[in-house]
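Structure file my_file.json; described as JSON, C-alpha atoms and all ligand atoms.
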[["chain", "number", "residue", "atom", "x", "y", "z"],
["A", 1, "MET", "CA", -34.36, 1.55, 5.25],
["A", 2, "ASP", "CA", -35.78, 1.64, 1.77],
["A", 3, "HIS", "CA", -38.91, 3.25, 3.07],
["A", 4, "VAL", "CA", -36.94, 5.98, 4.82],
["A", 5, "CYS", "CA", -34.85, 6.65, 1.78],
["A", 6, "ASN", "CA", -37.84, 7.01, -0.54],
["A", 7, "ASN", "CA", -39.43, 9.56, 1.71],
["A", 8, "ARG", "CA", -36.51, 11.90, 1.50],
["A", 9, "GLU", "CA", -35.13, 14.61, -0.70],
["A", 10, "THR", "CA", -33.05, 11.93, -2.33],
["A", 11, "GLU", "CA", -36.20, 10.66, -3.98],
["A", 12, "PHE", "CA", -35.36, 13.34, -6.56],
["A", 13, "THR", "CA", -31.80, 12.22, -7.11],
["A", 14, "ALA", "CA", -29.45, 9.32, -7.36],
["A", 15, "PRO", "CA", -29.11, 6.51, -4.82],
["A", 16, "MET", "CA", -25.65, 7.77, -3.96],
["A", 17, "ASP", "CA", -27.13, 11.06, -2.77],
["A", 18, "CYS", "CA", -29.66, 9.11, -0.77],
["A", 19, "ALA", "CA", -26.90, 7.44, 1.19],
["A", 20, "LYS", "CA", -25.22, 10.77, 1.70],
["A", 21, "GLY", "CA", -28.44, 12.22, 3.04],
["A", 22, "GLN", "CA", -28.67, 9.58, 5.70],
["A", 23, "SER", "CA", -25.11, 9.74, 6.87],
["A", 24, "GLY", "CA", -24.63, 13.52, 6.57],
["A", 25, "SER", "CA", -26.81, 16.28, 7.96],
["A", 26, "GLY", "CA", -29.99, 14.20, 7.66],
["A", 27, "ALA", "CA", -31.88, 11.88, 9.91],
["A", 28, "GLY", "CA", -28.69, 10.09, 10.86],
["A", 29, "GLU", "CA", -27.70, 13.09, 12.97],
["A", 30, "THR", "CA", -31.04, 14.65, 13.80],
["A", 31, "GLY", "CA", -33.14, 11.55, 14.17],
["A", 32, "ASP", "CA", -35.88, 13.48, 12.32],
["A", 33, "LEU", "CA", -38.11, 11.04, 10.47],
["A", 34, "THR", "CA", -41.17, 13.30, 10.35],
["A", 35, "PRO", "CA", -41.92, 15.11, 7.08],
["A", 36, "PRO", "CA", -43.06, 18.74, 7.08],
["A", 37, "SER", "CA", -46.74, 19.63, 6.77],
["A", 38, "VAL", "CA", -48.16, 20.21, 3.29],
["A", 39, "PRO", "CA", -47.70, 23.82, 2.07],
["A", 40, "GLY", "CA", -51.03, 25.52, 2.74],
["A", 41, "SER", "CA", -53.49, 27.46, 0.59],
["A", 42, "LEU", "CA", -51.55, 27.19, -2.65],
["A", 43, "SER", "CA", -53.20, 29.83, -4.84],
["A", 44, "SER", "CA", -52.59, 31.82, -7.98],
["A", 45, "THR", "CA", -53.41, 35.14, -9.58],
["A", 46, "SER", "CA", -53.46, 34.92, -13.36],
["A", 47, "GLU", "CA", -52.30, 37.12, -16.18],
["A", 48, "MET", "CA", -52.23, 36.37, -19.89],
["A", 49, "ARG", "CA", -48.67, 35.07, -19.81],
["A", 50, "ALA", "CA", -47.93, 34.73, -16.11],
["A", 51, "LEU", "CA", -49.11, 33.07, -12.93],
["A", 52, "HIS", "CA", -48.23, 34.44, -9.51],
["A", 53, "LEU", "CA", -48.28, 31.74, -6.84],
["A", 54, "THR", "CA", -48.38, 32.03, -3.07],
["A", 55, "TRP", "CA", -48.69, 29.55, -0.23],
["A", 56, "ILE", "CA", -48.68, 29.35, 3.52],
["A", 57, "PRO", "CA", -45.51, 27.94, 5.04],
["A", 58, "SER", "CA", -45.21, 24.35, 6.05],
["A", 59, "THR", "CA", -44.29, 23.51, 9.61],
["A", 60, "ASP", "CA", -41.87, 20.83, 10.60],
["A", 61, "SER", "CA", -41.47, 18.62, 13.61],
["A", 62, "GLY", "CA", -38.91, 16.00, 14.42],
["A", 63, "GLY", "CA", -36.02, 18.29, 15.13],
["A", 64, "SER", "CA", -34.27, 19.06, 11.85],
["A", 65, "GLY", "CA", -36.39, 22.06, 10.82],
["A", 66, "LEU", "CA", -37.99, 23.19, 7.57],
["A", 67, "ASP", "CA", -35.54, 23.58, 4.73],
["A", 68, "ARG", "CA", -37.09, 24.46, 1.35],
["A", 69, "TYR", "CA", -39.84, 23.95, -1.23],
["A", 70, "PHE", "CA", -39.86, 22.23, -4.60],
["A", 71, "MET", "CA", -42.38, 22.88, -7.37],
["A", 72, "ASP", "CA", -43.45, 20.99, -10.49],
["A", 73, "VAL", "CA", -45.31, 22.67, -13.35],
["A", 74, "SER", "CA", -46.82, 21.07, -16.43],
["A", 75, "THR", "CA", -49.55, 21.63, -18.98],
["A", 76, "ASN", "CA", -50.92, 18.16, -18.30],
["A", 77, "SER", "CA", -52.10, 16.44, -15.17],
["A", 78, "LEU", "CA", -49.56, 13.63, -15.49],
["A", 79, "PHE", "CA", -46.68, 16.12, -15.31],
["A", 80, "ASN", "CA", -45.25, 14.63, -18.47],
["A", 81, "PRO", "CA", -43.47, 16.58, -19.68],
["A", 82, "TYR", "CA", -42.68, 19.29, -17.17],
["A", 83, "LEU", "CA", -42.52, 22.90, -18.14],
["A", 84, "PRO", "CA", -38.81, 23.48, -18.93],
["A", 85, "GLY", "CA", -37.01, 24.40, -15.72],
["A", 86, "TRP", "CA", -39.96, 23.46, -13.53],
["A", 87, "ALA", "CA", -39.25, 19.83, -12.67],
["A", 88, "GLN", "CA", -38.65, 19.79, -8.92],
["A", 89, "HIS", "CA", -37.77, 23.46, -9.19],
["A", 90, "ASP", "CA", -35.94, 24.54, -6.05],
["A", 91, "LEU", "CA", -37.70, 27.54, -4.50],
["A", 92, "GLY", "CA", -35.55, 27.79, -1.41],
["A", 93, "ALA", "CA", -37.57, 29.05, 1.54],
["A", 94, "ALA", "CA", -39.65, 31.46, -0.57],
["A", 95, "LEU", "CA", -43.41, 31.75, 0.00],
["A", 96, "SER", "CA", -44.25, 32.96, -3.48],
["A", 97, "THR", "CA", -43.03, 32.60, -7.03],
["A", 98, "SER", "CA", -44.02, 33.69, -10.53],
["A", 99, "LEU", "CA", -44.24, 31.69, -13.71],
["A", 100, "THR", "CA", -43.65, 33.90, -16.72],
["A", 101, "GLY", "CA", -43.47, 33.49, -20.47],
["A", 102, "LEU", "CA", -46.55, 31.26, -20.41],
["A", 103, "SER", "CA", -49.14, 30.70, -23.13],
["A", 104, "LEU", "CA", -52.42, 32.58, -23.15],
["A", 105, "ASN", "CA", -55.65, 30.94, -22.09],
["A", 106, "THR", "CA", -53.90, 27.71, -21.07],
["A", 107, "THR", "CA", -54.38, 25.32, -18.17],
["A", 108, "TYR", "CA", -51.36, 24.72, -15.94],
["A", 109, "PHE", "CA", -50.96, 21.95, -13.37],
["A", 110, "ILE", "CA", -48.85, 22.86, -10.35],
["A", 111, "ARG", "CA", -47.75, 20.83, -7.37],
["A", 112, "MET", "CA", -45.27, 21.58, -4.64],
["A", 113, "ARG", "CA", -43.95, 20.10, -1.44],
["A", 114, "ALA", "CA", -41.72, 20.99, 1.44],
["A", 115, "LYS", "CA", -38.51, 19.36, 2.63],
["A", 116, "ASP", "CA", -36.98, 19.43, 6.05],
["A", 117, "VAL", "CA", -33.25, 19.57, 6.74],
["A", 118, "ALA", "CA", -33.19, 15.81, 7.29],
["A", 119, "GLY", "CA", -34.52, 15.30, 3.77],
["A", 120, "ASN", "CA", -38.07, 14.26, 4.63],
["A", 121, "LEU", "CA", -40.59, 15.43, 2.04],
["A", 122, "SER", "CA", -44.16, 16.51, 2.62],
["A", 123, "THR", "CA", -46.99, 15.32, 0.42],
["A", 124, "PHE", "CA", -47.91, 17.54, -2.50],
["A", 125, "ALA", "CA", -50.08, 20.62, -2.45],
["A", 126, "SER", "CA", -51.71, 20.86, -5.89],
["A", 127, "LEU", "CA", -53.32, 23.56, -7.98],
["A", 128, "THR", "CA", -54.86, 23.64, -11.45],
["A", 129, "THR", "CA", -55.22, 27.10, -12.89],
["A", 130, "ASN", "CA", -55.48, 29.00, -16.16],
["A", 131, "THR", "CA", -53.73, 31.92, -17.73],
["A", 132, "LEU", "CA", -56.07, 34.60, -19.04],
["A", 133, "ALA", "CA", -57.25, 35.01, -22.60],
["A", 134, "ASP", "CA", -56.48, 38.16, -24.54],
["A", 135, "GLN", "CA", -59.56, 40.33, -24.18],
["A", 136, "ASP", "CA", -58.08, 43.63, -25.33],
["A", 137, "PRO", "CA", -58.95, 44.62, -28.90],
["A", 138, "PRO", "CA", -56.36, 46.23, -31.15],
["A", 139, "THR", "CA", -56.29, 49.95, -31.72],
["A", 140, "VAL", "CA", -56.50, 51.04, -35.34],
["A", 141, "PHE", "CA", -56.65, 54.28, -37.30],
["A", 142, "LEU", "CA", -56.37, 55.31, -40.93],
["A", 143, "ILE", "CA", -53.31, 57.44, -41.72],
["A", 144, "SER", "CA", -54.02, 57.72, -45.47],
["A", 145, "PRO", "CA", -55.81, 59.15, -47.35],
["A", 146, "ILE", "CA", -56.53, 62.50, -45.71],
["A", 147, "ALA", "CA", -60.18, 62.94, -44.85],
["A", 148, "ASP", "CA", -62.28, 64.94, -47.33],
["A", 149, "THR", "CA", -59.71, 64.72, -50.12],
["A", 150, "LEU", "CA", -61.19, 65.48, -53.54],
["A", 151, "TYR", "CA", -59.73, 63.48, -56.43],
["A", 152, "ARG", "CA", -60.20, 65.04, -59.88],
["A", 153, "SER", "CA", -58.06, 62.68, -61.94],
["A", 154, "ALA", "CA", -57.52, 58.95, -62.21],
["A", 155, "LEU", "CA", -54.73, 57.69, -59.95],
["A", 156, "THR", "CA", -53.93, 55.03, -57.35],
["A", 157, "VAL", "CA", -54.67, 56.02, -53.76],
["A", 158, "SER", "CA", -52.88, 54.30, -50.84],
["A", 159, "VAL", "CA", -55.33, 53.47, -48.08],
["A", 160, "VAL", "CA", -53.08, 52.86, -45.05],
["A", 161, "ALA", "CA", -53.92, 51.84, -41.48],
["A", 162, "ASN", "CA", -51.85, 51.76, -38.30],
["A", 163, "ALA", "CA", -52.88, 48.92, -35.98],
["A", 164, "LEU", "CA", -51.44, 47.88, -32.62],
["A", 165, "ASP", "CA", -52.39, 45.19, -30.12],
["A", 166, "ASN", "CA", -51.30, 44.09, -26.66],
["A", 167, "GLU", "CA", -50.46, 40.75, -28.31],
["A", 168, "ASP", "CA", -50.46, 40.63, -32.11],
["A", 169, "VAL", "CA", -52.56, 42.10, -34.87],
["A", 170, "THR", "CA", -53.52, 39.21, -37.14],
["A", 171, "LYS", "CA", -55.22, 41.16, -39.93],
["A", 172, "VAL", "CA", -56.64, 44.48, -41.01],
["A", 173, "CYS", "CA", -59.66, 44.66, -43.29],
["A", 174, "PHE", "CA", -60.23, 47.68, -45.51],
["A", 175, "ILE", "CA", -63.88, 48.54, -45.97],
["A", 176, "ARG", "CA", -65.35, 50.98, -48.46],
["A", 177, "ASN", "CA", -68.94, 52.04, -48.06],
["A", 178, "GLY", "CA", -69.58, 49.05, -45.81],
["A", 179, "VAL", "CA", -68.03, 46.46, -48.12],
["A", 180, "THR", "CA", -64.72, 44.75, -47.33],
["A", 181, "VAL", "CA", -62.51, 45.18, -50.36],
["A", 182, "ALA", "CA", -59.14, 43.98, -49.05],
["A", 183, "THR", "CA", -57.47, 42.22, -46.13],
["A", 184, "ASP", "CA", -53.83, 42.66, -45.16],
["A", 185, "THR", "CA", -52.22, 40.28, -42.67],
["A", 186, "VAL", "CA", -48.76, 41.82, -42.61],
["A", 187, "ALA", "CA", -47.75, 45.29, -41.51],
["A", 188, "PRO", "CA", -47.68, 47.83, -43.00],
["A", 189, "TYR", "CA", -51.40, 47.48, -43.52],
["A", 190, "GLN", "CA", -52.48, 49.01, -46.78],
["A", 191, "PHE", "CA", -54.65, 48.73, -49.85],
["A", 192, "LEU", "CA", -53.90, 50.33, -53.21],
["A", 193, "TRP", "CA", -57.12, 51.78, -54.54],
["A", 194, "PRO", "CA", -57.10, 52.58, -58.27],
["A", 195, "ILE", "CA", -59.68, 55.28, -58.90],
["A", 196, "THR", "CA", -61.28, 56.11, -62.22],
["A", 197, "ALA", "CA", -64.31, 58.05, -63.30],
["A", 198, "ALA", "CA", -66.30, 54.93, -62.50],
["A", 199, "ASP", "CA", -65.65, 55.72, -58.84],
["A", 200, "ASN", "CA", -67.12, 59.20, -59.02],
["A", 201, "GLY", "CA", -68.98, 59.90, -55.82],
["A", 202, "ILE", "CA", -68.43, 60.06, -52.08],
["A", 203, "HIS", "CA", -66.67, 57.12, -50.43],
["A", 204, "SER", "CA", -66.36, 56.30, -46.74],
["A", 205, "TRP", "CA", -63.33, 54.21, -45.76],
["A", 206, "THR", "CA", -62.99, 52.29, -42.52],
["A", 207, "ALA", "CA", -60.45, 49.73, -41.33],
["A", 208, "THR", "CA", -61.06, 46.89, -38.87],
["A", 209, "ALA", "CA", -58.14, 45.29, -37.01],
["A", 210, "PHE", "CA", -58.28, 41.83, -35.41],
["A", 211, "ASP", "CA", -56.11, 39.98, -32.89],
["A", 212, "ALA", "CA", -55.69, 36.20, -32.58],
["A", 213, "MET", "CA", -58.63, 35.93, -30.18],
["A", 214, "GLY", "CA", -60.92, 37.67, -32.65],
["A", 215, "ASN", "CA", -61.08, 40.91, -30.66],
["A", 216, "ARG", "CA", -61.61, 43.74, -33.10],
["A", 217, "SER", "CA", -61.74, 47.49, -33.47],
["A", 218, "THR", "CA", -62.97, 49.63, -36.34],
["A", 219, "THR", "CA", -61.97, 53.17, -37.26],
["A", 220, "ALA", "CA", -64.43, 55.98, -37.76],
["A", 221, "GLY", "CA", -65.46, 56.53, -41.36],
["A", 222, "LEU", "CA", -63.03, 58.55, -43.47],
["A", 223, "PRO", "CA", -64.79, 60.32, -46.36],
["A", 224, "VAL", "CA", -63.19, 61.15, -49.70],
["A", 225, "THR", "CA", -64.74, 62.32, -52.95],
["A", 226, "VAL", "CA", -63.92, 61.28, -56.51],
["A", 227, "ASN", "CA", -65.02, 63.69, -59.22],
["A", 228, "ILE", "CA", -63.22, 62.90, -62.45],
["A", 229, "ASP", "CA", -64.48, 64.76, -65.53],
["A", 230, "VAL", "CA", -66.00, 62.23, -67.91],
["A", 231, "LEU", "CA", -67.03, 64.67, -70.70],
["A", 232, "SER", "CA", -64.61, 65.03, -73.62],
["A", 233, "PRO", "CA", -63.72, 68.61, -74.46],
["A", 234, "SER", "CA", -65.77, 69.98, -77.38],
["A", 235, "THR", "CA", -64.05, 69.94, -80.80],
["A", 236, "PRO", "CA", -62.34, 73.27, -81.50],
["A", 237, "VAL", "CA", -63.94, 75.23, -84.37],
["A", 238, "LEU", "CA", -61.59, 76.86, -86.82],
["A", 239, "ILE", "CA", -62.69, 80.37, -87.56],
["A", 240, "THR", "CA", -61.07, 82.25, -90.47],
["A", 241, "LEU", "CA", -59.91, 85.81, -90.25],
["A", 242, "THR", "CA", -62.43, 86.72, -92.91],
["A", 243, "GLU", "CA", -65.24, 85.46, -90.80],
["A", 244, "ILE", "CA", -63.94, 87.37, -87.80],
["A", 245, "ALA", "CA", -63.64, 90.52, -89.87],
["A", 246, "SER", "CA", -67.12, 90.22, -91.25],
["A", 247, "THR", "CA", -68.44, 89.55, -87.80],
["A", 248, "THR", "CA", -66.63, 92.58, -86.43],
["A", 249, "VAL", "CA", -67.97, 94.89, -89.21],
["A", 250, "ARG", "CA", -71.40, 93.67, -88.65],
["A", 301, "CA", "CA", -39.11, 16.85, 10.18],
["A", 302, "CA", "CA", -55.44, 41.78, -28.02],
["A", 303, "CA", "CA", -49.08, 44.65, -45.73]]
Please, can you express the file's structure as structure tokens?
Amino acid sequence: MDHVCNNRETEFTAPMDCAKGQSGSGAGETGDLTPPSVPGSLSSTSEMRALHLTWIPSTDSGGSGLDRYFMDVSTNSLFNPYLPGWAQHDLGAALSTSLTGLSLNTTYFIRMRAKDVAGNLSTFASLTTNTLADQDPPTVFLISPIADTLYRSALTVSVVANALDNEDVTKVCFIRNGVTVATDTVAPYQFLWPITAADNGIHSWTATAFDAMGNRSTTAGLPVTVNIDVLSPSTPVLITLTEIASTTVR
């Protein structure tokens, strides 16, 4: 009897339920001691944070009929621990299910089996599969300064970028004339650029945005010009009225 009990649905639960299974709608009434066939062709299509699983139905013999499927999911092959909510997860009679809210680029171990009405359990169908990595680079553009602005006096210019990603932007680098001058890891992404006459000339700004996988995008160059007058005004010359008069007469 122990052997029969351990091959039943009640393997999942308490001994009391095991007894109930035998005396209730299980083998005690149906005489079904034959487990269902293993669910067939367990397969998955992967997304970055989801797996979509399908299988071919089990068949049952012995008289009680196929009842339902149970699935285990874990990130390790020992199924210890299970993914929360996915220890002997009851799938009913479904032939597909989706795991969502998963981690990117991660291996998942999946196993499932079928149960007949008498409580007999099939052996496991198993699958090891991966979620996808993030391969989409962020989008990024400079919203300040305005292209081709001419600065004629010393001031602080806000260089500001908008960056978006399908996952998360991890940093934005601000690059002037090919040299990275600042990195901002928290939105809003900006760099305060103090300009003086020492910056006179044409400058090309770009911004590069990164995501956690290192995917990156860079804006087109944004040119601005600094032209701050560095020559002091000439000293005013005091001219007397007499001098003006004599000049005028002459
Ligand atoms: Ca059966
Ligand atoms: Ca991305
Ligand atoms: Ca910031």
| Point-to-point distance in Å for atom CA of ligand CA 301 (chain A) and CA of Asp60 (chain A) |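 Interatomic distance here is 4.9 Å.
Comparing A:Ser44, A:Ser158, A:Thr149, A:Thr107 by their smallest distance to Val224 (chain A), the closest is A:Thr149 (using all atoms listed in the file).
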Name each residue within 9 Å of ligand CA 303 (chain A), counting all atoms listed in the file, as an mmCIF file with C-alpha atoms, keeping the file's coordinate frame.
data_model
loop_
_atom_site.group_PDB
_atom_site.id
_atom_site.type_symbol
_atom_site.label_atom_id
_atom_site.label_comp_id
_atom_site.auth_asym_id
_atom_site.auth_seq_id
_atom_site.Cartn_x
_atom_site.Cartn_y
_atom_site.Cartn_z
ATOM 1 C CA VAL A 172 -56.640 44.480 -41.010
ATOM 2 C CA THR A 183 -57.470 42.220 -46.130
ATOM 3 C CA ASP A 184 -53.830 42.660 -45.160
ATOM 4 C CA THR A 185 -52.220 40.280 -42.670
ATOM 5 C CA VAL A 186 -48.760 41.820 -42.610
ATOM 6 C CA ALA A 187 -47.750 45.290 -41.510
ATOM 7 C CA PRO A 188 -47.680 47.830 -43.000
ATOM 8 C CA TYR A 189 -51.400 47.480 -43.520
ATOM 9 C CA GLN A 190 -52.480 49.010 -46.780
ATOM 10 C CA PHE A 191 -54.650 48.730 -49.850
#
| query | Between A:Thr106, A:Ala133, A:Trp205, A:Asn120, which has the minimum distance to Val157 (chain A) (counting all atoms listed in the file)? | reply |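 Closest candidate: A:Trp205.
For the pair CA of Lys115 (chain A) and CA of Asn76 (chain A), the interatomic distance is 24.4 Å.
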| field | Close residues, region 34-39 of chain A itself excluded, 10 Å, all atoms listed in the file, min 5 positions apart in chain, as a PyMOL selection string | value | chain A and resi 7-8+27+54-67+69+95+111-126
Excluding Leu83 (chain A) and its own-chain neighbours fewer than 6 positions away, which residues fall within 8 Å of it when counting only C-alpha atoms? Please give them as a PDB file with C-alpha atoms, in the coordinates of the input.
ATOM      1  CA  ASP A  72     -43.450  20.990 -10.490  1.00  0.00           C
ATOM      2  CA  VAL A  73     -45.310  22.670 -13.350  1.00  0.00           C
ATOM      3  CA  SER A  74     -46.820  21.070 -16.430  1.00  0.00           C
ATOM      4  CA  THR A  75     -49.550  21.630 -18.980  1.00  0.00           C
TER       5      THR A  75
END
| message | Residues near Asp134 (chain A), anyone? I mean within 7 Å using only C-alpha atoms, not counting same-chain ones fewer than 2 positions away, as a VMD selection string. | response | chain A and resid 48 132 136 213
